[in-house]
Each structure stands twice: as C-alpha cells, then as structure tokens.
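Let me begin by presenting the structure, written as structure tokens, before commenting on it.
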Amino acid sequence: MGKSSLTRVKHANKEVLMNGRFDFIENDTLKENIAIYVQYIVFLVSIEEEYDVGILTYSIYKDIVMHTAHVVESLINYKLQKLISDGDIAELDLVGYSDKFTNKKMIHRCDDSDDVYCFVRLSKTKNKIKGDTKFLELNRAGKKSGLLTTQMFTDCENIREMRNRIHLSGLSGVDDKYSKKDIVRIFKITERLIDRVRDFDI
C-alpha cells in the first residue's frame with residue numbers, strides 16, 4: 001500500500017529560498033543548508049496549523065525552536081566571518097586576547113599549604129571565529145562588531161537560551177513550556193536578523 005500525502009501541508013521551495021530570501025549568502029553550501037532548514041520549519045508550522053497533533057504540539061514547537069536557532073546562529077557566524085575576510089573589521093576587535101601561563105616555577109615555600117610561584121605570561125588570541133564557534137561567543141562578537149544592536153543581542157540570547165533548554169540531560173522538569181506565542185516571537189526576531197545580516201555594512 002502506497003503512502004498517503006499530507007495534502008494540507010505547505011512546502012517551501014528550496015530554490016526559491018536560495019535565490020530569493022537568502023540570495024545574499026555567498027557560501028553556496030551554507031545557503032542550501034539554511035534553505036533546507038527553513039523548508040523543514042515551514043513544514044512543521046504547517047503540520048501544527050493544519051492537523052490536530054495533540055501532545056506532539058510541544059515536540060513540534062521544540063523542533064521549530066532548535067532549527068530556527070541553528071539558522072540564526074549560522075547567519076551571525078557567516079556575517080562575522082565575511083566582515084573579517086572582507087577586511088571590514090579585525091578579528092582581534094571581536095575576540096580580544098586571552099593569557100596563557102607557562103614555565104611555572106616555585107620560588108618560595110611559605111608553609112605546608114602556601115607557595116610562591118613565578119610564571120611566564122603569554123598573550124594570545126582567543127579562538128578564531130569559525131564554523132564551530134559557540135552561539136554565545138557569536139552573539140558577543142556580533143554585538144562588539146555592531147552587527148547586533150543591544151536589543152538584537154538580547155533577542156538572540158533569548159533564542160540561544162530557549163534552544164539550550166531543549167537538551168534533555170540538563171532539564172530539571174518536564175519540558176512542555178513552549179507556546180505558539182514563543183514561535184511567533186522567534187520568527188519575528190529571525191526575520192529582523194536576516195534583514196540585518198543582508199544589509200549591515202561597517
């Protein structure tokens with residue numbers, strides 16, 4: 001017996017997304033992956049709107065949150081790397097410095113529990129902004145660069161925190177707290193971010 005189609009479910013066209021909403025992304029692989037994620041998000045929204053899925057509604061909302069957060073994170077990462085590669089901003093201005101201490105040497109023993117040491121302190125840059133840079137670091141770098149306004153930084157942090165609550169091992173209670181209102185809010189934030197990433201120049 002053949003499979004039945006979900007006749008009332010909306011589908012987004014990947015090529016239309018790539019050549020329309022996300023045409024500003026110069027990395028073709030990233031552009032296609034974002035389009036695939038957005039296709040899935042549209043599918044999930046349509047399932048929730050067109051069918052009574054009962055208690056699975058919360059799982060659909062969680063999936064929407066997670067995939068939307070990945071899109072937001074990827075767009076911030078992409079724009080920051082582009083600003084750096086285009087020479088519009090220095091990477092050090094975004095990530096700053098961290099110190100590394102080497103050549104630890106005890107120079108005086110005070111008593112059984114306290115000693116005095118000397119070190120060589122080396123200043124080095126923090127991790128570069130790359131594909132696996134953490135969402136929090138991207139948000140902070142986005143704010144430093146001016147890509148994210150104070151409000152956008154707060155909004156992107158809220159999305160990051162919502163995504164982080166999805167991890168089962170870190171939950172202290174039943175995770176069924178997402179609502180349609182949450183989804184509408186993160187979609188609005190994401191729309192503003194897409195426009196910002198597309199239009200922002202230093």
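Here's how to read the names in the structure tokens: chain A, B, ... by the order shown, residue numbers from 1 in each chain, ligand numbers from 1 in the order shown.
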- prompt: Contacts of stretch 156-165 of chain A at 7 Å or less, counting only C-alpha atoms, minus same-chain residues fewer than 4 places along, as a list of chain:residue names?
  reply: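 Once the nearby chain positions are removed, what remains is A:Val65, A:Met66, A:Ala69, A:Phe135, A:Asn139, A:Met152, A:Leu171, A:Ile186.
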Mind checking which residues fall within 9 Å of stretch 11-15 of chain A, counting only C-alpha atoms, ignoring those fewer than 2 positions away in the same chain, and posting them as an mmCIF file with N, CA, C and O atoms, in the first residue's frame?
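part_37.cif was written with the following content:
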data_model
loop_
_atom_site.group_PDB
_atom_site.id
_atom_site.type_symbol
_atom_site.label_atom_id
_atom_site.label_comp_id
_atom_site.auth_asym_id
_atom_site.auth_seq_id
_atom_site.Cartn_x
_atom_site.Cartn_y
_atom_site.Cartn_z
ATOM 1 N N VAL A 9 -0.527 20.279 3.909
ATOM 2 C CA VAL A 9 0.745 20.786 4.419
ATOM 3 C C VAL A 9 1.423 21.656 3.371
ATOM 4 O O VAL A 9 1.518 21.303 2.201
ATOM 5 N N LEU A 17 13.921 29.875 -2.029
ATOM 6 C CA LEU A 17 14.568 30.418 -0.826
ATOM 7 C C LEU A 17 16.013 30.827 -1.123
ATOM 8 O O LEU A 17 16.465 31.897 -0.711
ATOM 9 N N MET A 18 16.731 29.970 -1.836
ATOM 10 C CA MET A 18 18.140 30.239 -2.121
ATOM 11 C C MET A 18 18.314 31.449 -3.040
ATOM 12 O O MET A 18 19.243 32.239 -2.862
ATOM 13 N N ASN A 19 17.424 31.591 -4.010
ATOM 14 C CA ASN A 19 17.551 32.678 -4.975
ATOM 15 C C ASN A 19 16.753 33.920 -4.585
ATOM 16 O O ASN A 19 16.815 34.932 -5.285
ATOM 17 N N GLY A 20 16.017 33.822 -3.476
ATOM 18 C CA GLY A 20 15.211 34.942 -3.014
ATOM 19 C C GLY A 20 15.659 35.424 -1.653
ATOM 20 O O GLY A 20 16.571 36.244 -1.526
ATOM 21 N N GLU A 32 22.341 26.621 0.873
ATOM 22 C CA GLU A 32 21.473 25.471 0.644
ATOM 23 C C GLU A 32 21.053 24.828 1.962
ATOM 24 O O GLU A 32 19.895 24.450 2.143
ATOM 25 N N ALA A 35 18.424 26.929 3.582
ATOM 26 C CA ALA A 35 17.161 26.753 2.850
ATOM 27 C C ALA A 35 16.485 25.436 3.239
ATOM 28 O O ALA A 35 15.263 25.378 3.412
ATOM 29 N N ILE A 36 17.274 24.382 3.412
ATOM 30 C CA ILE A 36 16.725 23.079 3.821
ATOM 31 C C ILE A 36 16.122 23.178 5.227
ATOM 32 O O ILE A 36 15.039 22.647 5.485
ATOM 33 N N VAL A 38 14.942 25.902 6.637
ATOM 34 C CA VAL A 38 13.729 26.714 6.555
ATOM 35 C C VAL A 38 12.585 25.904 5.946
ATOM 36 O O VAL A 38 11.435 26.009 6.389
ATOM 37 N N GLN A 39 12.880 25.061 4.965
ATOM 38 C CA GLN A 39 11.863 24.163 4.405
ATOM 39 C C GLN A 39 11.229 23.322 5.511
ATOM 40 O O GLN A 39 10.010 23.175 5.577
ATOM 41 N N TYR A 40 12.080 22.766 6.360
ATOM 42 C CA TYR A 40 11.598 21.904 7.437
ATOM 43 C C TYR A 40 10.780 22.708 8.448
ATOM 44 O O TYR A 40 9.740 22.243 8.932
ATOM 45 N N VAL A 42 9.014 25.427 7.851
ATOM 46 C CA VAL A 42 7.716 25.701 7.214
ATOM 47 C C VAL A 42 6.826 24.464 7.282
ATOM 48 O O VAL A 42 5.629 24.547 7.576
ATOM 49 N N PHE A 43 7.409 23.307 7.047
ATOM 50 C CA PHE A 43 6.673 22.044 7.124
ATOM 51 C C PHE A 43 6.101 21.834 8.530
ATOM 52 O O PHE A 43 4.926 21.505 8.700
ATOM 53 N N SER A 46 3.240 24.199 9.297
ATOM 54 C CA SER A 46 2.048 23.791 8.567
ATOM 55 C C SER A 46 1.380 22.579 9.205
ATOM 56 O O SER A 46 0.152 22.524 9.328
#
- request: Pick out each residue of chain A that DSSP on the backbone tags as strand (DSSP E); I need them as a list in words.
  value: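 Written out, the strand (DSSP E) residues of chain A are Tyr97, Ser98, Asp99, Lys100, Phe101, Thr102, Asn103, Lys104, Lys105, Met106, Ile107, His108, Arg109, Asp115, Val116, Tyr117, Cys118, Phe119, Val120, Arg121, Leu122, Ser123, Lys124 and Thr125 of chain A.
Of note, atom CA of A:Leu193 and atom CA of A:Arg21 are spaced 12.1 Å apart.
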query: Which of stretch 28-195 of chain A counts as alpha helix (DSSP H) under DSSP, as a ChimeraX atom specification please?
result: /A:28-50,56-85,91-95,135-145,150-164,180-195
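Between A:Thr29 and the candidates A:Lys134, A:Tyr78, A:Val95, A:Ser123, the tightest atom-to-atom separation, counting only C-alpha atoms, involves A:Tyr78.
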query: So which one's closest to A:Asp195, A:Ile166, A:Ile76, A:Ile64, A:Leu30? Using only C-alpha atoms, please.
result: A:Ile76
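Taking atom CA of A:Gly142 and atom CA of A:Asp86 as endpoints, the distance between them is 15.7 Å.
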task: Just the residues within 10 Å of A:Gln81, please, counting only C-alpha atoms, with nothing from its chain fewer than 5 positions along; format it as a PyMOL selection string.
output: chain A and resi 75-76+86-87+89+91+128-131
Once you have the residues from the selection above, write them out as a CSV table (one decimal), in the first residue's frame, restricted to C-alpha atoms.
chain,number,residue,atom,x,y,z
A,75,LEU,CA,23.7,33.7,9.9
A,76,ILE,CA,25.6,35.5,12.6
A,86,ASP,CA,36.5,41.5,3.7
A,87,GLY,CA,38.7,43.5,6.0
A,89,ILE,CA,36.7,44.5,11.0
A,91,GLU,CA,39.1,39.6,14.3
A,128,LYS,CA,39.1,32.5,15.9
A,129,ILE,CA,35.5,32.8,14.6
A,130,LYS,CA,35.0,29.6,12.7
A,131,GLY,CA,32.3,27.1,11.9
Two-atom distance - atom CA of A:Ser179, atom CA of A:Lys10 (Å):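 These atoms are spaced 20.6 Å apart.
Among the candidate residues A:Lys144, A:Ile183, A:Thr133, A:Ile25, the one lying nearest to A:Ile41 is A:Ile183, with distances computed using only C-alpha atoms.
Checking A:Leu147, A:Val71, A:Leu94, A:Ile47 one by one against A:Arg198, counting only C-alpha atoms, you find the shortest gap at A:Leu147.
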Residues near A:Tyr178, cut-off 8 Å, only C-alpha atoms, skip fewer than 5 positions along chain, as a VMD selection string: chain A and resid 58 61 to 62 183
Using the selection just defined, write its residues with N, CA, C and O atoms as a CSV table (one decimal), in the first residue's frame.
chain,number,residue,atom,x,y,z
A,58,TYR,N,4.0,20.2,21.5
A,58,TYR,CA,5.2,20.7,22.2
A,58,TYR,C,6.4,20.2,21.5
A,58,TYR,O,7.4,21.0,21.4
A,61,TYR,N,7.0,22.4,18.5
A,61,TYR,CA,7.5,23.7,18.9
A,61,TYR,C,9.0,23.6,19.2
A,61,TYR,O,9.7,24.5,18.8
A,62,LYS,N,9.4,22.5,19.9
A,62,LYS,CA,10.8,22.4,20.2
A,62,LYS,C,11.6,22.2,19.0
A,62,LYS,O,12.7,22.8,18.9
A,183,ILE,N,6.9,30.8,19.3
A,183,ILE,CA,7.3,30.6,17.9
A,183,ILE,C,7.1,31.9,17.1
A,183,ILE,O,8.0,32.2,16.3
